[in-house]
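This report concerns only the one structure given below.
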Amino acid sequence: MASETRLSVNINKVATLRNARGENVPNLVQVALDCERFGAQGITVHPRPDERHVKKTDVIELSAVISTEFNIEGYPSKEFLELVKLVKPAQVTLVPDAPSAVTSNSGWDVVSNFVFLTGVVAQLKEYGIRTSIFVAPESEQVEAAAKTGSDRIELYTKPYAELFDVDPLKAVEPYRIASKYAGENGLGVNAGHDLNLQNLRFLKQHLPFLDEVSIGHALICDALYMGLQNTIMNYLQQLR
Ligand code: PXP
């Protein structure tokens, strides 16, 4: 079993709330620092070209103050690669979504994009940035991701979350297999999308390797009722 699974809090929703009024409430940088103070081991952002939640200036400001792991997700456009070269986060998670996507809604077809992704991974490594490729738990995709030279994969957990209420064991099985393959082949394993206080512990218990989970929507929603500190403590508890 993986010894520790780190919690990276995705703070996009906080930026969305702030942008609703065009001022600086809530203060994104302060929220990130508080997440760290409350025990989160990382902060994730997904700057999109239309800057509808996290903006480029946020990314630059955050990178100067975050003392845990900063993870930047995004489609590796020229602009995105320039931004991460500038701020040098601990990790970049490559996602395939179009700029207009509401949220990431699939993993990469790594097989079809193998040459492109291999090039991007090499470029990020040159910048000294750890790479993670967002994929579905399908063996051919995970195997191709390993061959790109990426340090990690991030397993797209929406299908797990959807089936979890109906048949949790069936839901987790492809993820268990993908995690095992990745771990045994030197590829780190992250997971994210639609993870919450109901389905997180079960995932953690069934994956032989799980380095990090990245959680945004449910965690920020829970914080409305439980407060940010209590919520983060609850999520950390699920990972122990
Ligand atoms: N991982 C990736 C690649 C994502 O795009 C997102 C959503 O921004 C997440 C994880 C977090 O998903 P959620 O907000 O459902 O927790």
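Residues in the structure tokens are named by chain (A, B, ... in the order shown) and by number from 1 within that chain; ligands are numbered from 1 in the order shown.
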- Task: Dump the neighbourhood of ligand 1 as a PyMOL selection string: all residues within 8 Å, distances computed on only C-alpha atoms and all ligand atoms.
- Result: chain A and resi 10+12-13+45-46+73-74+93-95+103-105+134+154+156+158+191-196+213-219
Any chance you could export the current selection's N, CA and C atoms as a short mmCIF file (atom, residue, chain, number, x, y, z; two decimals), in the first residue's frame?
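Here's the written file again-v6.cif:
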```cif
data_model
loop_
_atom_site.label_atom_id
_atom_site.label_comp_id
_atom_site.auth_asym_id
_atom_site.auth_seq_id
_atom_site.Cartn_x
_atom_site.Cartn_y
_atom_site.Cartn_z
N ASN A 10 -7.91 21.99 -4.94
CA ASN A 10 -8.12 22.78 -6.16
C ASN A 10 -8.95 24.01 -5.78
N ASN A 12 -9.95 26.57 -7.75
CA ASN A 12 -10.64 27.25 -8.86
C ASN A 12 -11.98 27.85 -8.44
N LYS A 13 -12.75 27.09 -7.65
CA LYS A 13 -14.10 27.54 -7.26
C LYS A 13 -14.03 28.82 -6.42
N VAL A 45 -4.39 24.61 -9.31
CA VAL A 45 -5.18 25.58 -10.08
C VAL A 45 -5.25 25.13 -11.53
N HIS A 46 -6.27 25.59 -12.20
CA HIS A 46 -6.43 25.26 -13.62
C HIS A 46 -6.73 26.57 -14.36
N GLU A 73 -2.78 22.65 -13.60
CA GLU A 73 -3.38 21.80 -14.63
C GLU A 73 -3.67 22.62 -15.87
N GLY A 74 -3.64 21.97 -17.00
CA GLY A 74 -4.08 22.67 -18.19
C GLY A 74 -3.71 21.97 -19.48
N THR A 93 -0.06 19.12 -14.48
CA THR A 93 -0.95 18.04 -14.91
C THR A 93 -1.52 18.40 -16.27
N LEU A 94 -1.22 17.56 -17.24
CA LEU A 94 -1.64 17.82 -18.61
C LEU A 94 -3.05 17.28 -18.83
N VAL A 95 -3.97 18.17 -19.20
CA VAL A 95 -5.35 17.76 -19.46
C VAL A 95 -5.70 18.09 -20.91
N THR A 103 -15.57 21.79 -17.39
CA THR A 103 -14.54 21.17 -16.56
C THR A 103 -13.95 20.02 -17.36
N SER A 104 -12.85 19.46 -16.88
CA SER A 104 -12.24 18.35 -17.63
C SER A 104 -13.26 17.22 -17.70
N ASN A 105 -13.48 16.71 -18.90
CA ASN A 105 -14.51 15.68 -19.01
C ASN A 105 -14.03 14.39 -19.67
N PHE A 134 -3.31 13.23 -17.37
CA PHE A 134 -4.68 12.90 -16.96
C PHE A 134 -5.23 11.81 -17.89
N GLU A 154 -2.62 11.05 -13.71
CA GLU A 154 -3.75 11.35 -12.83
C GLU A 154 -4.95 10.60 -13.37
N TYR A 156 -8.67 9.76 -13.98
CA TYR A 156 -9.91 10.55 -14.07
C TYR A 156 -11.01 9.78 -13.33
N LYS A 158 -14.21 10.57 -12.39
CA LYS A 158 -15.66 10.78 -12.52
C LYS A 158 -16.43 9.45 -12.71
N ALA A 191 -5.05 11.06 -8.51
CA ALA A 191 -6.44 10.83 -8.91
C ALA A 191 -7.23 12.09 -8.67
N GLY A 192 -8.23 12.32 -9.50
CA GLY A 192 -9.06 13.49 -9.28
C GLY A 192 -10.26 13.55 -10.17
N HIS A 193 -11.24 14.21 -9.68
CA HIS A 193 -12.53 14.53 -10.28
C HIS A 193 -13.66 13.86 -9.53
N ASP A 194 -14.52 14.68 -9.00
CA ASP A 194 -15.73 14.20 -8.31
C ASP A 194 -15.43 13.34 -7.08
N LEU A 195 -14.28 13.51 -6.51
CA LEU A 195 -14.00 12.82 -5.24
C LEU A 195 -14.64 13.64 -4.13
N ASN A 196 -15.13 12.92 -3.11
CA ASN A 196 -15.82 13.62 -2.02
C ASN A 196 -15.72 12.79 -0.73
N VAL A 213 -4.33 13.08 -4.28
CA VAL A 213 -5.66 13.36 -4.84
C VAL A 213 -5.80 14.87 -4.96
N SER A 214 -6.48 15.27 -6.02
CA SER A 214 -6.70 16.69 -6.24
C SER A 214 -8.22 16.91 -6.21
N ILE A 215 -8.66 17.72 -5.24
CA ILE A 215 -10.11 17.83 -4.99
C ILE A 215 -10.51 19.30 -4.91
N GLY A 216 -11.55 19.65 -5.65
CA GLY A 216 -12.01 21.03 -5.65
C GLY A 216 -13.47 21.17 -5.29
N HIS A 217 -14.34 20.84 -6.23
CA HIS A 217 -15.75 21.18 -6.12
C HIS A 217 -16.39 20.72 -4.80
N ALA A 218 -16.30 19.43 -4.51
CA ALA A 218 -16.98 18.92 -3.31
C ALA A 218 -16.38 19.52 -2.04
N LEU A 219 -15.08 19.67 -2.04
CA LEU A 219 -14.40 20.19 -0.83
C LEU A 219 -14.83 21.64 -0.54
#
```
- Task: May I have all residues of segment 7-201 of chain A that DSSP, computed from the backbone, assigns to alpha helix (DSSP H), given as a VMD selection string?
- Result: chain A and resid 12 to 19 28 to 37 56 to 65 78 to 87 114 to 126 139 to 147 158 to 164 168 to 184 200 to 201
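Here atom CA of Asn199 of chain A stands at a distance of 27.1 Å from atom CA of Leu28 of chain A.
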- Any chance you could list, as a list in words, the residues in segment 85-197 of chain A that come up strand (DSSP E) when DSSP is run on the backbone? Gln91, Val92, Thr93, Leu94, Arg130, Thr131, Ser132, Ile133, Phe134, Val135, Arg152, Ile153, Glu154, Leu155, Tyr156, Gly188, Val189, Asn190, Ala191 and Gly192 of chain A
Expected file: the selected residues, N, CA, C and O atoms, as a compact mmCIF listing (two decimals), in the first residue's frame:
```
# COMPACT_ATOMS: atom_id res chain seq x y z
N GLN A 91 4.52 20.63 -9.99
CA GLN A 91 3.92 19.64 -10.90
C GLN A 91 3.02 20.32 -11.93
O GLN A 91 2.31 21.28 -11.60
N VAL A 92 3.05 19.80 -13.13
CA VAL A 92 2.07 20.20 -14.15
C VAL A 92 1.26 18.96 -14.52
O VAL A 92 1.82 17.90 -14.80
N THR A 93 -0.06 19.12 -14.48
CA THR A 93 -0.95 18.04 -14.91
C THR A 93 -1.52 18.40 -16.27
O THR A 93 -2.19 19.42 -16.41
N LEU A 94 -1.22 17.56 -17.24
CA LEU A 94 -1.64 17.82 -18.61
C LEU A 94 -3.05 17.28 -18.83
O LEU A 94 -3.30 16.09 -18.62
N ARG A 130 7.81 18.36 -12.47
CA ARG A 130 7.25 17.00 -12.49
C ARG A 130 5.99 17.00 -13.36
O ARG A 130 5.21 17.95 -13.33
N THR A 131 5.80 15.92 -14.11
CA THR A 131 4.66 15.88 -15.03
C THR A 131 3.66 14.79 -14.64
O THR A 131 4.04 13.73 -14.12
N SER A 132 2.41 15.06 -14.93
CA SER A 132 1.36 14.08 -14.70
C SER A 132 0.39 14.17 -15.88
O SER A 132 0.06 15.27 -16.33
N ILE A 133 -0.01 13.02 -16.39
CA ILE A 133 -0.92 12.99 -17.55
C ILE A 133 -2.28 12.47 -17.09
O ILE A 133 -2.37 11.39 -16.49
N PHE A 134 -3.31 13.23 -17.37
CA PHE A 134 -4.68 12.90 -16.96
C PHE A 134 -5.23 11.81 -17.89
O PHE A 134 -5.34 12.02 -19.11
N VAL A 135 -5.56 10.65 -17.34
CA VAL A 135 -6.02 9.52 -18.17
C VAL A 135 -7.15 8.74 -17.51
O VAL A 135 -7.28 8.72 -16.28
N ARG A 152 4.13 10.86 -13.65
CA ARG A 152 2.90 10.34 -13.03
C ARG A 152 1.76 10.33 -14.03
O ARG A 152 1.83 10.94 -15.10
N ILE A 153 0.67 9.67 -13.61
CA ILE A 153 -0.62 9.83 -14.27
C ILE A 153 -1.59 10.37 -13.24
O ILE A 153 -1.37 10.20 -12.03
N GLU A 154 -2.62 11.05 -13.71
CA GLU A 154 -3.75 11.35 -12.83
C GLU A 154 -4.95 10.60 -13.37
O GLU A 154 -5.35 10.81 -14.52
N LEU A 155 -5.49 9.70 -12.57
CA LEU A 155 -6.64 8.92 -13.00
C LEU A 155 -7.91 9.76 -12.90
O LEU A 155 -8.17 10.38 -11.86
N TYR A 156 -8.67 9.76 -13.98
CA TYR A 156 -9.91 10.55 -14.07
C TYR A 156 -11.01 9.78 -13.33
O TYR A 156 -11.46 8.72 -13.80
N GLY A 188 4.12 7.35 -10.97
CA GLY A 188 3.34 7.78 -9.81
C GLY A 188 1.87 7.88 -10.16
O GLY A 188 1.51 8.00 -11.33
N VAL A 189 1.03 7.81 -9.13
CA VAL A 189 -0.42 7.79 -9.36
C VAL A 189 -1.11 8.91 -8.59
O VAL A 189 -1.07 8.94 -7.35
N ASN A 190 -1.76 9.80 -9.32
CA ASN A 190 -2.66 10.79 -8.73
C ASN A 190 -4.08 10.44 -9.16
O ASN A 190 -4.27 9.63 -10.08
N ALA A 191 -5.05 11.06 -8.51
CA ALA A 191 -6.44 10.83 -8.91
C ALA A 191 -7.23 12.09 -8.67
O ALA A 191 -6.93 12.85 -7.74
N GLY A 192 -8.23 12.32 -9.50
CA GLY A 192 -9.06 13.49 -9.28
C GLY A 192 -10.26 13.55 -10.17
O GLY A 192 -10.27 12.97 -11.27
```
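Shortest separation to His53 of chain A among A:Val31, A:Ala15, A:Ala20, A:Ile232 occurs at residue A:Ala15, atoms counted being only C-alpha atoms.
Of the listed residues (A:Asn27, A:Ser8, A:Ser106, A:Asn19), A:Ser8 comes nearest to Thr68 of chain A; the distances count only C-alpha atoms.
Compared by their closest atoms to Trp108 of chain A, and using only C-alpha atoms, the residues A:Ser63, A:Gln141, A:Ser179, A:Gln30 rank with A:Gln141 nearest.
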Show me, as an mmCIF file with N, CA, C and O atoms, in the first residue's frame, the residues that have an atom within 8 Å of Ala32 of chain A when counting only C-alpha atoms, minus same-chain residues fewer than 4 positions from it.
```cif
data_model
loop_
_atom_site.group_PDB
_atom_site.id
_atom_site.type_symbol
_atom_site.label_atom_id
_atom_site.label_comp_id
_atom_site.auth_asym_id
_atom_site.auth_seq_id
_atom_site.Cartn_x
_atom_site.Cartn_y
_atom_site.Cartn_z
ATOM 1 N N ILE A 11 -8.373 25.197 -5.973
ATOM 2 C CA ILE A 11 -9.036 26.427 -5.508
ATOM 3 C C ILE A 11 -9.708 27.223 -6.644
ATOM 4 O O ILE A 11 -10.047 28.395 -6.460
ATOM 5 N N LEU A 28 -7.930 34.965 -2.877
ATOM 6 C CA LEU A 28 -7.480 33.638 -3.311
ATOM 7 C C LEU A 28 -6.157 33.226 -2.662
ATOM 8 O O LEU A 28 -5.987 32.071 -2.246
ATOM 9 N N GLU A 36 -3.141 25.460 3.243
ATOM 10 C CA GLU A 36 -1.854 24.883 3.676
ATOM 11 C C GLU A 36 -1.779 24.831 5.201
ATOM 12 O O GLU A 36 -1.389 23.824 5.787
ATOM 13 N N ILE A 43 -1.604 22.736 -3.491
ATOM 14 C CA ILE A 43 -2.637 23.624 -4.033
ATOM 15 C C ILE A 43 -2.651 23.421 -5.541
ATOM 16 O O ILE A 43 -1.597 23.420 -6.191
ATOM 17 N N LEU A 62 0.378 33.301 -6.607
ATOM 18 C CA LEU A 62 0.343 32.083 -5.783
ATOM 19 C C LEU A 62 1.716 31.405 -5.751
ATOM 20 O O LEU A 62 2.164 30.930 -4.706
ATOM 21 N N ILE A 66 3.206 29.959 -2.116
ATOM 22 C CA ILE A 66 2.861 28.581 -1.734
ATOM 23 C C ILE A 66 4.114 27.828 -1.281
ATOM 24 O O ILE A 66 5.134 27.848 -1.968
#
```
Neighbour list for Pro168 of chain A as a PDB file with N, CA and C atoms, in the first residue's frame, cut-off 12 Å, only C-alpha atoms, skip fewer than 4 positions in-chain:
```
ATOM      1  N   PRO A 159     -15.965   8.570 -13.616  1.00  0.00           N
ATOM      2  CA  PRO A 159     -16.694   7.308 -13.773  1.00  0.00           C
ATOM      3  C   PRO A 159     -16.739   6.492 -12.459  1.00  0.00           C
ATOM      4  N   TYR A 160     -15.675   6.558 -11.690  1.00  0.00           N
ATOM      5  CA  TYR A 160     -15.674   5.897 -10.375  1.00  0.00           C
ATOM      6  C   TYR A 160     -16.766   6.506  -9.490  1.00  0.00           C
ATOM      7  N   ALA A 161     -16.789   7.829  -9.443  1.00  0.00           N
ATOM      8  CA  ALA A 161     -17.746   8.516  -8.570  1.00  0.00           C
ATOM      9  C   ALA A 161     -19.185   8.196  -8.980  1.00  0.00           C
ATOM     10  N   GLU A 162     -19.409   8.096 -10.278  1.00  0.00           N
ATOM     11  CA  GLU A 162     -20.779   7.845 -10.757  1.00  0.00           C
ATOM     12  C   GLU A 162     -21.254   6.435 -10.402  1.00  0.00           C
ATOM     13  N   LEU A 163     -20.356   5.466 -10.501  1.00  0.00           N
ATOM     14  CA  LEU A 163     -20.763   4.072 -10.241  1.00  0.00           C
ATOM     15  C   LEU A 163     -20.671   3.709  -8.762  1.00  0.00           C
ATOM     16  N   PHE A 164     -19.981   4.542  -8.007  1.00  0.00           N
ATOM     17  CA  PHE A 164     -19.712   4.222  -6.598  1.00  0.00           C
ATOM     18  C   PHE A 164     -20.989   3.928  -5.806  1.00  0.00           C
ATOM     19  N   VAL A 172     -14.432   0.626  -8.512  1.00  0.00           N
ATOM     20  CA  VAL A 172     -13.021   0.859  -8.189  1.00  0.00           C
ATOM     21  C   VAL A 172     -12.083  -0.093  -8.941  1.00  0.00           C
ATOM     22  N   GLU A 173     -12.605  -1.193  -9.454  1.00  0.00           N
ATOM     23  CA  GLU A 173     -11.734  -2.229 -10.030  1.00  0.00           C
ATOM     24  C   GLU A 173     -10.805  -1.722 -11.151  1.00  0.00           C
ATOM     25  N   PRO A 174     -11.294  -0.992 -12.150  1.00  0.00           N
ATOM     26  CA  PRO A 174     -10.355  -0.524 -13.181  1.00  0.00           C
ATOM     27  C   PRO A 174      -9.269   0.383 -12.611  1.00  0.00           C
ATOM     28  N   TYR A 175      -9.597   1.112 -11.561  1.00  0.00           N
ATOM     29  CA  TYR A 175      -8.634   2.026 -10.938  1.00  0.00           C
ATOM     30  C   TYR A 175      -7.587   1.236 -10.164  1.00  0.00           C
ATOM     31  N   ARG A 176      -8.021   0.159  -9.526  1.00  0.00           N
ATOM     32  CA  ARG A 176      -7.073  -0.700  -8.801  1.00  0.00           C
ATOM     33  C   ARG A 176      -6.057  -1.297  -9.783  1.00  0.00           C
ATOM     34  N   GLN A 198     -17.753  10.948   0.679  1.00  0.00           N
ATOM     35  CA  GLN A 198     -18.406   9.630   0.639  1.00  0.00           C
ATOM     36  C   GLN A 198     -17.515   8.609  -0.082  1.00  0.00           C
ATOM     37  N   ASN A 199     -16.850   9.022  -1.159  1.00  0.00           N
ATOM     38  CA  ASN A 199     -16.182   8.011  -1.997  1.00  0.00           C
ATOM     39  C   ASN A 199     -14.656   7.975  -1.876  1.00  0.00           C
ATOM     40  N   LEU A 200     -14.080   8.911  -1.124  1.00  0.00           N
ATOM     41  CA  LEU A 200     -12.616   9.025  -1.098  1.00  0.00           C
ATOM     42  C   LEU A 200     -11.937   7.880  -0.349  1.00  0.00           C
ATOM     43  N   ARG A 201     -12.455   7.549   0.827  1.00  0.00           N
ATOM     44  CA  ARG A 201     -11.789   6.519   1.635  1.00  0.00           C
ATOM     45  C   ARG A 201     -11.753   5.172   0.906  1.00  0.00           C
ATOM     46  N   PHE A 202     -12.858   4.840   0.261  1.00  0.00           N
ATOM     47  CA  PHE A 202     -12.956   3.565  -0.451  1.00  0.00           C
ATOM     48  C   PHE A 202     -11.913   3.497  -1.576  1.00  0.00           C
ATOM     49  N   LEU A 203     -11.755   4.610  -2.272  1.00  0.00           N
ATOM     50  CA  LEU A 203     -10.741   4.656  -3.344  1.00  0.00           C
ATOM     51  C   LEU A 203      -9.358   4.438  -2.747  1.00  0.00           C
ATOM     52  N   GLN A 205      -8.521   3.010  -0.019  1.00  0.00           N
ATOM     53  CA  GLN A 205      -8.332   1.652   0.510  1.00  0.00           C
ATOM     54  C   GLN A 205      -8.088   0.610  -0.582  1.00  0.00           C
ATOM     55  N   HIS A 206      -8.566   0.881  -1.784  1.00  0.00           N
ATOM     56  CA  HIS A 206      -8.473  -0.140  -2.829  1.00  0.00           C
ATOM     57  C   HIS A 206      -7.361   0.083  -3.853  1.00  0.00           C
TER      58      HIS A 206
END
```
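With distances restricted to only C-alpha atoms, A:Pro76 is the closest residue to Phe116 of chain A from A:Pro76, A:Ala136, A:Ala101, A:Leu33.
Compared by their closest atoms to Arg6 of chain A, and using only C-alpha atoms, the residues A:Met233, A:Ala178, A:Leu210, A:Ala122 rank with A:Leu210 nearest.
Remark: for Val111 of chain A, the closest of the candidate residues A:Lys125, A:Arg52, A:Lys147, A:Lys88 is A:Lys147 (distances computed over only C-alpha atoms).
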Can you tell me which residues surround Gly42 of chain A at a distance of at most 7 Å, considering only C-alpha atoms, apart from same-chain residues fewer than 2 positions away, and format the answer as a CSV table (one decimal) with N, CA, C and O atoms, in the first residue's frame?
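The new file out_9.csv reads:
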```
chain,number,residue,atom,x,y,z
A,7,LEU,N,-3.1,15.4,-0.1
A,7,LEU,CA,-4.3,16.1,-0.6
A,7,LEU,C,-3.9,17.5,-1.2
A,7,LEU,O,-3.3,18.3,-0.5
A,8,SER,N,-4.2,17.6,-2.5
A,8,SER,CA,-4.0,18.9,-3.1
A,8,SER,C,-5.4,19.6,-3.3
A,8,SER,O,-6.3,19.0,-3.9
A,9,VAL,N,-5.6,20.8,-2.8
A,9,VAL,CA,-6.9,21.4,-2.9
A,9,VAL,C,-6.9,22.3,-4.1
A,9,VAL,O,-6.1,23.2,-4.3
A,40,ALA,N,-3.5,20.9,4.1
A,40,ALA,CA,-3.4,20.5,2.7
A,40,ALA,C,-1.9,20.4,2.3
A,40,ALA,O,-1.1,21.3,2.7
A,44,THR,N,-3.9,23.2,-6.1
A,44,THR,CA,-4.0,23.0,-7.5
A,44,THR,C,-4.8,24.2,-8.1
A,44,THR,O,-5.8,24.7,-7.5
A,68,THR,N,3.8,24.5,0.0
A,68,THR,CA,3.6,23.1,-0.3
A,68,THR,C,3.7,22.9,-1.8
A,68,THR,O,4.4,23.7,-2.4
A,69,GLU,N,3.1,21.8,-2.3
A,69,GLU,CA,3.3,21.6,-3.8
A,69,GLU,C,2.3,22.4,-4.6
A,69,GLU,O,1.1,22.2,-4.4
A,70,PHE,N,2.8,23.1,-5.5
A,70,PHE,CA,1.9,23.8,-6.4
A,70,PHE,C,1.7,23.0,-7.7
A,70,PHE,O,2.7,22.6,-8.3
```
- Task: Excluding Ile60 of chain A and residues on its chain fewer than 2 positions from it, collect all residues at most 12 Å away from it, counting only C-alpha atoms, and give them as JSON, numbers by chain.
- Result: {"A": [29, 45, 47, 54, 55, 56, 57, 58, 62, 63, 64, 65, 66, 70, 72, 82, 83, 84, 85, 86, 87, 88, 89]}
